[in-house]
file protein_32.txt (compact mmCIF, C-alpha atoms)
# COMPACT_ATOMS: atom_id res chain seq x y z
CA MET A 1 -133.30 88.06 38.80
CA PRO A 2 -133.39 90.80 36.18
CA VAL A 3 -134.04 89.90 32.53
CA SER A 4 -131.38 91.05 30.10
CA GLU A 5 -132.15 93.02 26.96
CA GLN A 6 -130.83 90.07 24.94
CA ASP A 7 -133.34 87.73 26.66
CA VAL A 8 -136.20 90.16 25.95
CA LYS A 9 -135.26 90.28 22.26
CA LEU A 10 -135.07 86.47 22.12
CA ILE A 11 -138.50 86.15 23.77
CA GLU A 12 -139.97 88.75 21.38
CA LYS A 13 -138.52 86.88 18.41
CA ILE A 14 -139.96 83.53 19.61
CA VAL A 15 -143.39 85.09 20.24
CA GLU A 16 -143.36 86.78 16.82
CA GLU A 17 -142.48 83.50 15.06
CA LYS A 18 -145.20 81.61 16.94
CA LEU A 19 -147.79 84.27 16.07
CA LYS A 20 -146.82 84.17 12.39
CA LYS A 21 -147.16 80.39 12.42
CA LEU A 22 -150.56 80.54 14.10
CA LEU A 23 -151.83 83.14 11.64
CA ALA A 24 -150.54 81.13 8.69
CA GLU A 25 -152.31 78.01 9.98
CA LYS A 26 -155.63 79.76 10.62
CA GLN A 27 -158.16 78.72 8.00
CA LYS A 28 -159.81 81.63 6.25
CA ARG A 29 -163.55 82.00 6.69
CA MET A 30 -166.25 83.48 4.44
CA ALA A 31 -169.82 84.40 5.39
CA ILE A 32 -172.44 85.04 2.71
CA ILE A 33 -176.00 86.25 3.15
CA ALA A 34 -178.36 85.21 0.33
CA SER A 35 -181.51 87.32 0.42
CA LYS A 36 -182.98 86.92 -3.08
CA GLY A 37 -184.54 83.85 -4.62
CA THR A 38 -184.39 84.53 -8.34
CA LEU A 39 -182.30 82.40 -10.69
CA ASP A 40 -179.84 85.21 -11.42
CA MET A 41 -179.34 85.84 -7.69
CA ALA A 42 -179.01 82.16 -6.74
CA TYR A 43 -175.83 81.61 -8.74
CA PRO A 44 -173.50 84.17 -7.06
CA PRO A 45 -173.62 82.88 -3.47
CA LEU A 46 -173.40 79.24 -4.58
CA ILE A 47 -170.55 79.79 -7.04
CA LEU A 48 -168.62 81.90 -4.53
CA ALA A 49 -169.17 79.40 -1.71
CA THR A 50 -168.20 76.33 -3.72
CA THR A 51 -165.15 78.14 -5.09
CA ALA A 52 -164.19 79.12 -1.53
CA ALA A 53 -164.51 75.49 -0.43
CA ALA A 54 -162.26 74.44 -3.31
CA MET A 55 -159.71 77.00 -2.10
CA ASP A 56 -159.90 75.58 1.44
CA ILE A 57 -161.81 78.60 2.76
CA GLU A 58 -164.44 77.70 5.35
CA CYS A 59 -167.77 79.06 4.14
CA SER A 60 -171.33 79.48 5.33
CA ILE A 61 -174.34 80.87 3.46
CA PHE A 62 -177.22 82.33 5.48
CA PHE A 63 -180.44 82.14 3.46
CA THR A 64 -182.98 84.72 4.52
CA PHE A 65 -186.25 86.09 3.13
CA TYR A 66 -186.66 85.10 -0.54
CA GLY A 67 -183.18 83.60 -0.51
CA LEU A 68 -184.83 80.62 1.23
CA ASP A 69 -186.28 79.67 -2.18
CA ILE A 70 -182.76 78.59 -3.20
CA ILE A 71 -182.71 75.84 -0.57
CA ASN A 72 -186.44 75.07 -0.70
CA LYS A 73 -186.72 71.69 -2.46
CA LYS A 74 -190.24 72.63 -3.65
CA LYS A 75 -188.99 75.80 -5.38
CA ASN A 76 -185.29 75.65 -6.25
CA LYS A 77 -185.75 73.73 -9.51
CA ASN A 78 -188.03 76.47 -10.87
CA LEU A 79 -186.32 79.75 -9.97
CA LYS A 80 -187.04 82.50 -12.49
CA VAL A 81 -185.30 85.58 -13.88
CA PRO A 82 -187.53 88.65 -13.70
CA SER A 83 -187.60 90.64 -16.92
CA LEU A 84 -189.59 93.54 -15.48
CA ALA A 85 -187.46 96.41 -14.14
CA ASN A 86 -184.26 94.40 -14.47
CA PRO A 87 -181.73 96.90 -15.84
CA ALA A 88 -179.05 94.22 -16.00
CA MET A 89 -180.83 92.26 -18.72
CA PRO A 90 -178.39 91.88 -21.63
CA VAL A 91 -181.13 92.78 -24.09
CA PRO A 92 -182.41 96.12 -22.81
CA MET A 93 -186.16 96.40 -23.00
CA PRO A 94 -188.70 98.92 -21.83
CA ASN A 95 -190.60 97.94 -18.69
CA ILE A 96 -193.81 97.72 -20.68
CA ILE A 97 -192.30 94.86 -22.74
CA GLY A 98 -190.96 93.15 -19.60
CA ALA A 99 -194.48 93.20 -18.16
CA LEU A 100 -195.96 91.23 -21.05
CA PRO A 101 -197.05 87.66 -20.31
CA GLY A 102 -194.32 85.14 -21.02
CA MET A 103 -191.38 87.55 -20.71
CA THR A 104 -190.20 86.11 -17.37
CA ALA A 105 -190.30 82.61 -18.87
CA MET A 106 -188.35 83.85 -21.90
CA ALA A 107 -185.71 85.59 -19.74
CA THR A 108 -185.41 82.44 -17.61
CA ARG A 109 -184.94 80.22 -20.69
CA MET A 110 -182.32 82.64 -22.02
CA MET A 111 -180.31 82.56 -18.81
CA LYS A 112 -180.54 78.78 -18.49
CA GLY A 113 -179.34 78.52 -22.09
CA TRP A 114 -176.34 80.77 -21.44
CA MET A 115 -175.40 78.78 -18.35
CA LYS A 116 -175.77 75.44 -20.12
CA LYS A 117 -173.71 76.68 -23.08
CA VAL A 118 -170.67 77.27 -20.82
CA ASN A 119 -171.31 74.22 -18.62
CA VAL A 120 -172.34 76.05 -15.46
CA PRO A 121 -174.06 73.52 -13.16
CA LEU A 122 -177.75 73.78 -12.34
CA ILE A 123 -178.69 75.36 -9.00
CA THR A 124 -179.58 71.92 -7.60
CA ASP A 125 -176.18 70.59 -8.68
CA LEU A 126 -174.39 73.55 -7.09
CA LEU A 127 -176.27 72.88 -3.87
CA ASP A 128 -175.14 69.25 -3.95
CA ILE A 129 -171.55 70.38 -4.55
CA ALA A 130 -171.82 72.87 -1.68
CA VAL A 131 -173.01 70.19 0.74
CA GLU A 132 -170.37 67.70 -0.47
CA THR A 133 -167.54 70.23 -0.07
CA GLY A 134 -168.54 71.27 3.44
CA VAL A 135 -170.20 74.61 2.75
CA LYS A 136 -172.51 75.28 5.67
CA LEU A 137 -176.03 76.08 4.42
CA VAL A 138 -178.04 77.91 7.07
CA ALA A 139 -181.72 78.87 6.93
CA CYS A 140 -182.98 81.88 8.87
CA GLN A 141 -185.36 80.67 11.58
CA MET A 142 -187.30 83.95 11.79
CA THR A 143 -187.86 84.05 8.03
CA MET A 144 -189.03 80.44 8.08
CA ASP A 145 -191.53 81.33 10.80
CA VAL A 146 -192.74 84.44 8.97
CA MET A 147 -193.15 82.62 5.65
CA GLY A 148 -194.52 79.38 7.08
CA ILE A 149 -191.60 77.31 5.80
CA LYS A 150 -190.91 74.03 7.59
CA LYS A 151 -187.53 72.30 7.94
CA ASP A 152 -188.96 69.46 5.81
CA ASP A 153 -189.37 71.96 2.93
CA LEU A 154 -185.61 72.44 2.78
CA ILE A 155 -182.99 70.32 1.07
CA GLU A 156 -180.94 67.82 3.07
CA GLY A 157 -177.98 69.23 4.96
CA VAL A 158 -179.41 72.65 5.83
CA GLU A 159 -179.04 73.92 9.38
CA VAL A 160 -181.48 76.38 10.93
CA CYS A 161 -180.54 79.26 13.23
CA GLY A 162 -181.43 82.82 13.97
CA ALA A 163 -179.61 86.00 13.04
CA ALA A 164 -177.58 85.99 16.26
CA GLY A 165 -176.23 82.52 15.52
CA PHE A 166 -175.13 83.51 12.04
CA LEU A 167 -173.67 86.81 13.23
CA GLU A 168 -171.54 84.91 15.72
CA TYR A 169 -170.11 82.91 12.79
CA ALA A 170 -169.76 85.97 10.57
CA SER A 171 -168.03 88.00 13.29
CA ASN A 172 -164.99 85.77 12.78
CA ALA A 173 -165.10 85.84 8.97
CA ASP A 174 -162.30 87.21 6.83
CA ILE A 175 -164.73 87.78 3.96
CA THR A 176 -168.38 88.82 4.31
CA LEU A 177 -170.80 89.24 1.41
CA PHE A 178 -174.47 90.23 1.09
CA VAL A 179 -176.17 88.99 -2.06
call {"tool": "encode", "arguments": {"input": "protein_32.txt", "output": "structure tokens"}}
result
Amino acid sequence: MPVSEQDVKLIEKIVEEKLKKLLAEKQKRMAIIASKGTLDMAYPPLILATTAAAMDIECSIFFTFYGLDIINKKKNKNLKVPSLANPAMPVPMPNIIGALPGMTAMATRMMKGWMKKVNVPLITDLLDIAVETGVKLVACQMTMDVMGIKKDDLIEGVEVCGAAGFLEYASNADITLFV
């Protein structure tokens, strides 16, 4: 029995409506790669991920190389801000000054002071918020092997996988970021 043009249009309309509904229901997904373990580079992935979770965006952060320091319970309370060769420092200084003893500690105190002044949570608090809100924290297995980091060194709630595992997740992300 042949299908009429009117039936084809009705079928197309139904399919279009169902697709729109499915796309509207699909939860957005964000994938972040955190590759640096300094204090100034720990805030962006954590703030973005926790904000995404608050906006009902599924999020995962893949911590690789020095980014593992952010989730390393032995290191994450003492992340520093490098003053040497950091052109983004709000008080520009020649590299020779940034190389002086105590300058990294001073830059770190300054940043912690700025963050405290405007009530930005500590890195450890942001990690707790991330875990509580369902942000997936993922440590790079290869980097852990290379750097001799054990799963026990990491905070509670961290998963471990290789690059292929994270890329599978990221391949379906609406937003991808490298920090």
call {"tool": "atom_distance", "arguments": {"input": "protein_32.txt", "atom1": "atom CA of A:Thr104", "atom2": "atom CA of A:Val81"}}
result
6.0 Å
call {"tool": "residues_around", "arguments": {"input": "protein_32.txt", "residues": "A:Gly134", "least_positions_apart": "3", "cutoff": "9 Å", "atoms": "all atoms listed in the file", "output": "list in words"}}
result
Thr50, Ala53, Glu58, Cys59, Ser60, Ile129, Ala130, Val131 and Leu137 of chain A
call {"tool": "closest_residue", "arguments": {"input": "protein_32.txt", "among": "A:Ile149, A:Val8, A:Ala31, A:Ile14", "to": "A:Asn172", "atoms": "all atoms listed in the file"}}
result
A:Ala31
call {"tool": "atom_distance", "arguments": {"input": "protein_32.txt", "atom1": "atom CA of A:Glu156", "atom2": "atom CA of A:Asp40"}}
result
22.7 Å
call {"tool": "atom_distance", "arguments": {"input": "protein_32.txt", "atom1": "atom CA of A:Asn72", "atom2": "atom CA of A:Lys136"}}
result
15.3 Å
call {"tool": "closest_residue", "arguments": {"input": "protein_32.txt", "among": "A:Ile175, A:Leu39, A:Ile32, A:Ile57", "to": "A:Ala107", "atoms": "all atoms listed in the file"}}
result
A:Leu39
call {"tool": "closest_residue", "arguments": {"input": "protein_32.txt", "among": "A:Ala42, A:Ile155, A:Cys161, A:Ala52", "to": "A:Val138", "atoms": "only C-alpha atoms"}}
result
A:Cys161
call {"tool": "residues_around", "arguments": {"input": "protein_32.txt", "residues": "A:Lys151", "least_positions_apart": "6", "cutoff": "9 Å", "atoms": "all atoms listed in the file", "output": "JSON, numbers by chain"}}
result
{"A": [139, 144, 158, 159, 160]}
call {"tool": "closest_residue", "arguments": {"input": "protein_32.txt", "among": "A:Pro101, A:Cys140, A:Asp56, A:Phe178", "to": "A:Lys26", "atoms": "all atoms listed in the file"}}
result
A:Asp56
call {"tool": "closest_residue", "arguments": {"input": "protein_32.txt", "among": "A:Met147, A:Met41, A:Leu154, A:Ala54", "to": "A:Glu132", "atoms": "all atoms listed in the file"}}
result
A:Ala54
call {"tool": "residues_around", "arguments": {"input": "protein_32.txt", "residues": "A:Thr143", "least_positions_apart": "3", "cutoff": "10 Å", "atoms": "all atoms listed in the file", "output": "ChimeraX atom specification"}}
result
/A:63-68,139-140,146-149,162-163
call {"tool": "closest_residue", "arguments": {"input": "protein_32.txt", "among": "A:Gln6, A:Gly102, A:Glu17, A:Asp153", "to": "A:Asp69", "atoms": "all atoms listed in the file"}}
result
A:Asp153
call {"tool": "axis_aligned_box", "arguments": {"input": "protein_32.txt", "around": "stretch 107-110 of chain A", "padding_each_side": "4 Å", "output": "JSON"}}
result
{"center_x": -184.0, "center_y": 82.9, "center_z": -19.8, "size_x": 11.4, "size_y": 13.4, "size_z": 12.4}
call {"tool": "residues_around", "arguments": {"input": "protein_32.txt", "residues": "A:Met111", "least_positions_apart": "6", "cutoff": "12 Å", "atoms": "all atoms listed in the file", "output": "VMD selection string"}}
result
chain A and resid 38 to 41 43 79 to 83 89 to 91 104 to 105 117 to 118 120 122
call {"tool": "write_last_selection", "arguments": {"input": "protein_32.txt", "atoms": "C-alpha atoms", "output": "PDB file, keeping the file's coordinate frame"}}
result
ATOM      1  CA  THR A  38    -184.390  84.530  -8.340  1.00  0.00           C
ATOM      2  CA  LEU A  39    -182.300  82.400 -10.690  1.00  0.00           C
ATOM      3  CA  ASP A  40    -179.840  85.210 -11.420  1.00  0.00           C
ATOM      4  CA  MET A  41    -179.340  85.840  -7.690  1.00  0.00           C
ATOM      5  CA  TYR A  43    -175.830  81.610  -8.740  1.00  0.00           C
ATOM      6  CA  LEU A  79    -186.320  79.750  -9.970  1.00  0.00           C
ATOM      7  CA  LYS A  80    -187.040  82.500 -12.490  1.00  0.00           C
ATOM      8  CA  VAL A  81    -185.300  85.580 -13.880  1.00  0.00           C
ATOM      9  CA  PRO A  82    -187.530  88.650 -13.700  1.00  0.00           C
ATOM     10  CA  SER A  83    -187.600  90.640 -16.920  1.00  0.00           C
ATOM     11  CA  MET A  89    -180.830  92.260 -18.720  1.00  0.00           C
ATOM     12  CA  PRO A  90    -178.390  91.880 -21.630  1.00  0.00           C
ATOM     13  CA  VAL A  91    -181.130  92.780 -24.090  1.00  0.00           C
ATOM     14  CA  THR A 104    -190.200  86.110 -17.370  1.00  0.00           C
ATOM     15  CA  ALA A 105    -190.300  82.610 -18.870  1.00  0.00           C
ATOM     16  CA  LYS A 117    -173.710  76.680 -23.080  1.00  0.00           C
ATOM     17  CA  VAL A 118    -170.670  77.270 -20.820  1.00  0.00           C
ATOM     18  CA  VAL A 120    -172.340  76.050 -15.460  1.00  0.00           C
ATOM     19  CA  LEU A 122    -177.750  73.780 -12.340  1.00  0.00           C
TER      20      LEU A 122
END
